[in-house]
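Reviewing the structure listed below.
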Amino acid sequence: MIIEINDLLRQIDSIKATLDSHRPFSDHVVRQLRDYYRIGLTYSSNAIEGNTLTESETKVVIEDGLTIGGKSLREHYEAIGHAKAYDHIYSLLAEEITEKDVLHFHKLFFQQIDPESAGSYRRRNVIITGTDYIPPDYSEVHASMIKLIKDLNSDTQDRHPLERASDLHAAFEAIHPFIDGNGRIGRLLLSILTMKKGYCPVIIPPVKRAEYIDALQKTNKGDLQTLRVLIVSAVYEEMKSLKKLVESLVR
């Protein structure tokens, strides 16, 4: 597994070098990529959590403001809220991530779903179904998040940036700071970390849902490598797609 992930990381960095040769991207390329990932990231992240909107339906809801027959109001709000939170990513790529930013992400995503809880840490204890892991007491969330945010902004080079991003994603999900929306906010923060280093956003295909959940559960028992492999593999596939997109746009 270690040999596999190291090989993938080398291939990813080779693709990144090619992409870097085209940087800085023109305004046209940046707009095209932002719009492309706005739909893809929103659809995939929501689908992992059980949202049944298809990718094309997600696009219609976000871009055209239309409702889809047979789909719940919450599913529409999840698409709209995630797109708003995604848009906030780009204001942070050259800045440090603050606690205010994390709370704002949650407020943008959750505002129409639960205005009372949106933008606030959970005020009661929770359990995570399907696992015996118990998140920290709600009274410990704030202190845990302050430490995590410091780590998010640290520029330590003890691991490859993608492995480090994966480990920080696991740490966020372990804290489970919100009453709901932890997965979506955690994956947005994961993408910020990878994008800050010049990589693509992290899109975990919905078909990998069970594998992703299992990998997260393993991190709570000390196995960080399974999640690292999954995330690095997802980045590798997306970096190949990003290379094709960029090369088609810069012709």
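As shown in the structure tokens, the chain order sets the letters A, B, ...; within each chain, residues go from 1, and ligands are also counted from 1 in the order they appear.
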List the neighbours of Phe109 in chain A out to 9 Å using only C-alpha atoms; skip same-chain residues closer than 3 positions along the sequence, and give me the result as number ranges by chain. A: 77-86, 104-106, 112-113, 118-119, 181, 184-185
All alpha helix (DSSP H) positions in range 15-251 of chain A, as a PyMOL selection string: chain A and resi 15-20+27-48+55-59+73-88+99-110+141-153+161-175+182-196+209-219+225-249
Save out the residues we just selected, C-alpha atoms, as a compact mmCIF listing (two decimals), in the first residue's frame.
```txt
# COMPACT_ATOMS: atom_id res chain seq x y z
CA ILE A 15 0.70 16.20 -13.61
CA LYS A 16 0.86 19.22 -11.30
CA ALA A 17 4.16 20.25 -12.89
CA THR A 18 2.46 20.23 -16.29
CA LEU A 19 -0.42 22.31 -14.93
CA ASP A 20 2.03 24.72 -13.30
CA ASP A 27 -9.60 34.71 -16.11
CA HIS A 28 -11.51 32.64 -18.67
CA VAL A 29 -9.87 29.39 -17.57
CA VAL A 30 -10.41 30.20 -13.89
CA ARG A 31 -14.12 30.92 -14.44
CA GLN A 32 -14.60 27.73 -16.43
CA LEU A 33 -12.92 25.60 -13.78
CA ARG A 34 -14.77 27.26 -10.92
CA ASP A 35 -18.13 26.60 -12.57
CA TYR A 36 -17.16 23.03 -13.44
CA TYR A 37 -16.15 22.09 -9.92
CA ARG A 38 -19.07 23.98 -8.39
CA ILE A 39 -21.43 21.40 -9.83
CA GLY A 40 -19.19 18.34 -9.52
CA LEU A 41 -18.19 18.96 -5.92
CA THR A 42 -21.72 19.85 -4.82
CA TYR A 43 -23.26 16.81 -6.46
CA SER A 44 -20.69 14.30 -5.21
CA SER A 45 -20.47 15.60 -1.65
CA ASN A 46 -24.25 15.69 -1.25
CA ALA A 47 -24.67 12.26 -2.85
CA ILE A 48 -22.26 10.75 -0.32
CA GLU A 55 -25.51 15.72 -11.27
CA SER A 56 -27.69 17.20 -14.02
CA GLU A 57 -30.48 17.90 -11.54
CA THR A 58 -27.99 19.56 -9.20
CA LYS A 59 -26.90 21.81 -12.07
CA LEU A 73 -37.10 20.53 -0.27
CA ARG A 74 -34.13 19.66 1.92
CA GLU A 75 -32.30 18.12 -1.03
CA HIS A 76 -32.77 21.36 -2.97
CA TYR A 77 -31.53 23.41 0.00
CA GLU A 78 -28.49 21.15 0.34
CA ALA A 79 -27.55 21.77 -3.29
CA ILE A 80 -28.03 25.54 -3.03
CA GLY A 81 -26.29 25.78 0.34
CA HIS A 82 -23.30 23.71 -0.73
CA ALA A 83 -22.84 25.80 -3.87
CA LYS A 84 -22.81 28.97 -1.75
CA ALA A 85 -20.25 27.46 0.62
CA TYR A 86 -18.15 26.31 -2.34
CA ASP A 87 -18.08 29.86 -3.72
CA HIS A 88 -16.50 31.00 -0.46
CA GLU A 99 -12.62 29.85 13.01
CA LYS A 100 -14.96 32.50 11.63
CA ASP A 101 -14.45 31.06 8.14
CA VAL A 102 -15.33 27.53 9.25
CA LEU A 103 -18.48 28.74 10.98
CA HIS A 104 -19.36 30.83 7.94
CA PHE A 105 -19.04 27.77 5.69
CA HIS A 106 -21.53 25.98 7.89
CA LYS A 107 -23.90 28.93 7.95
CA LEU A 108 -23.86 29.21 4.15
CA PHE A 109 -24.58 25.51 3.78
CA PHE A 110 -27.09 25.06 6.62
CA VAL A 141 -15.53 21.16 20.58
CA HIS A 142 -14.41 24.78 20.64
CA ALA A 143 -10.97 24.04 22.08
CA SER A 144 -10.53 21.11 19.71
CA MET A 145 -11.41 23.28 16.72
CA ILE A 146 -9.02 26.03 17.77
CA LYS A 147 -6.20 23.47 17.77
CA LEU A 148 -7.34 21.99 14.44
CA ILE A 149 -7.53 25.40 12.76
CA LYS A 150 -3.99 26.12 13.90
CA ASP A 151 -2.95 22.83 12.29
CA LEU A 152 -4.86 23.70 9.10
CA ASN A 153 -2.73 26.81 8.74
CA PRO A 161 0.60 17.87 1.32
CA LEU A 162 -2.09 15.43 0.15
CA GLU A 163 -1.39 12.98 2.98
CA ARG A 164 -1.41 15.83 5.45
CA ALA A 165 -4.73 17.10 4.06
CA SER A 166 -6.21 13.63 4.47
CA ASP A 167 -5.07 13.41 8.09
CA LEU A 168 -6.54 16.83 8.88
CA HIS A 169 -9.80 15.79 7.24
CA ALA A 170 -9.90 12.77 9.54
CA ALA A 171 -9.23 15.01 12.55
CA PHE A 172 -12.10 17.34 11.62
CA GLU A 173 -14.55 14.48 11.17
CA ALA A 174 -13.47 13.00 14.50
CA ILE A 175 -14.32 16.26 16.28
CA ASN A 182 -19.92 17.74 9.17
CA GLY A 183 -19.15 15.65 6.10
CA ARG A 184 -19.89 18.43 3.64
CA ILE A 185 -17.97 21.10 5.55
CA GLY A 186 -15.10 18.69 6.17
CA ARG A 187 -14.77 17.89 2.48
CA LEU A 188 -14.86 21.60 1.56
CA LEU A 189 -12.01 22.22 4.00
CA LEU A 190 -10.18 19.23 2.52
CA SER A 191 -10.45 20.78 -0.94
CA ILE A 192 -9.21 24.13 0.33
CA LEU A 193 -6.09 22.43 1.69
CA THR A 194 -5.35 20.66 -1.60
CA MET A 195 -6.15 23.72 -3.75
CA LYS A 196 -3.88 25.93 -1.64
CA ARG A 209 -19.30 6.10 -0.46
CA ALA A 210 -19.06 2.86 1.53
CA GLU A 211 -15.30 2.70 1.05
CA TYR A 212 -14.93 6.33 2.18
CA ILE A 213 -17.08 5.84 5.28
CA ASP A 214 -15.15 2.69 6.17
CA ALA A 215 -11.84 4.53 5.74
CA LEU A 216 -13.01 7.33 8.03
CA GLN A 217 -14.08 4.81 10.66
CA LYS A 218 -10.65 3.21 10.50
CA THR A 219 -8.99 6.56 11.26
CA GLN A 225 -3.31 5.11 5.68
CA THR A 226 -6.55 3.67 4.26
CA LEU A 227 -8.11 7.13 4.01
CA ARG A 228 -4.88 8.56 2.60
CA VAL A 229 -4.89 6.00 -0.20
CA LEU A 230 -8.54 6.67 -1.00
CA ILE A 231 -8.10 10.45 -1.11
CA VAL A 232 -4.82 10.35 -3.03
CA SER A 233 -6.41 7.96 -5.54
CA ALA A 234 -9.36 10.33 -5.97
CA VAL A 235 -7.00 13.27 -6.49
CA TYR A 236 -4.99 11.29 -9.04
CA GLU A 237 -8.09 10.59 -11.14
CA GLU A 238 -9.26 14.19 -10.88
CA MET A 239 -5.82 15.62 -11.68
CA LYS A 240 -5.83 13.66 -14.93
CA SER A 241 -9.22 15.18 -15.77
CA LEU A 242 -8.07 18.65 -14.75
CA LYS A 243 -5.03 18.38 -17.04
CA LYS A 244 -7.29 17.56 -19.99
CA LEU A 245 -9.64 20.42 -19.14
CA VAL A 246 -6.86 22.98 -18.82
CA GLU A 247 -5.12 21.87 -22.00
CA SER A 248 -8.39 22.13 -23.92
CA LEU A 249 -9.04 25.63 -22.54
```
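Using only C-alpha atoms, the smallest distance between any of A:Tyr199, A:Tyr121, A:Tyr133, A:Tyr138 and Asp180 in chain A comes from A:Tyr121.
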Spatial neighbours of Arg123 in chain A, 12 Å, only C-alpha atoms, chain gap at least 6 places, as a ChimeraX atom specification: /A:116-117,136-142,176-180
Okay, now the selection with N, CA and C atoms, as an mmCIF file, in the first residue's frame?
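What ended up in out-v5.cif:
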```
data_model
loop_
_atom_site.group_PDB
_atom_site.id
_atom_site.type_symbol
_atom_site.label_atom_id
_atom_site.label_comp_id
_atom_site.auth_asym_id
_atom_site.auth_seq_id
_atom_site.Cartn_x
_atom_site.Cartn_y
_atom_site.Cartn_z
ATOM 1 N N GLU A 116 -31.446 27.959 13.070
ATOM 2 C CA GLU A 116 -31.057 28.077 14.473
ATOM 3 C C GLU A 116 -29.672 27.492 14.732
ATOM 4 N N SER A 117 -29.351 26.393 14.032
ATOM 5 C CA SER A 117 -28.060 25.731 14.244
ATOM 6 C C SER A 117 -26.991 26.184 13.255
ATOM 7 N N PRO A 136 -16.101 13.780 20.688
ATOM 8 C CA PRO A 136 -15.866 14.431 21.993
ATOM 9 C C PRO A 136 -17.107 15.146 22.513
ATOM 10 N N ASP A 137 -17.151 15.319 23.803
ATOM 11 C CA ASP A 137 -18.234 16.060 24.441
ATOM 12 C C ASP A 137 -18.352 17.439 23.816
ATOM 13 N N TYR A 138 -19.587 17.932 23.704
ATOM 14 C CA TYR A 138 -19.799 19.221 23.044
ATOM 15 C C TYR A 138 -19.017 20.346 23.707
ATOM 16 N N SER A 139 -18.743 20.211 25.012
ATOM 17 C CA SER A 139 -18.003 21.252 25.727
ATOM 18 C C SER A 139 -16.542 21.329 25.291
ATOM 19 N N GLU A 140 -16.056 20.284 24.607
ATOM 20 C CA GLU A 140 -14.665 20.232 24.163
ATOM 21 C C GLU A 140 -14.494 20.665 22.709
ATOM 22 N N VAL A 141 -15.606 20.888 22.020
ATOM 23 C CA VAL A 141 -15.535 21.155 20.581
ATOM 24 C C VAL A 141 -14.762 22.427 20.260
ATOM 25 N N HIS A 142 -15.052 23.503 20.963
ATOM 26 C CA HIS A 142 -14.412 24.780 20.640
ATOM 27 C C HIS A 142 -12.893 24.688 20.767
ATOM 28 N N HIS A 176 -16.278 16.253 14.827
ATOM 29 C CA HIS A 176 -17.712 16.314 14.513
ATOM 30 C C HIS A 176 -18.322 17.574 15.145
ATOM 31 N N PRO A 177 -17.827 18.750 14.750
ATOM 32 C CA PRO A 177 -18.171 19.960 15.496
ATOM 33 C C PRO A 177 -19.606 20.457 15.346
ATOM 34 N N PHE A 178 -20.308 20.020 14.306
ATOM 35 C CA PHE A 178 -21.653 20.541 14.060
ATOM 36 C C PHE A 178 -22.712 19.468 14.301
ATOM 37 N N ILE A 179 -23.920 19.907 14.520
ATOM 38 C CA ILE A 179 -25.013 18.976 14.742
ATOM 39 C C ILE A 179 -25.331 18.221 13.461
ATOM 40 N N ASP A 180 -25.050 18.840 12.322
ATOM 41 C CA ASP A 180 -25.245 18.207 11.014
ATOM 42 C C ASP A 180 -24.384 18.954 10.002
#
```
Between A:Asp132, A:His160, A:Gly65, A:Ser120, which residue has the minimum interatomic distance to Lys221 in chain A, considering only C-alpha atoms? A:Asp132
Work out how far apart CA of Ile89 in chain A and CA of Glu49 in chain A are and give it in Å to one decimal. 20.4 Å
By how many Å are CA of Ala94 in chain A and CA of Lys197 in chain A apart? 10.2 Å
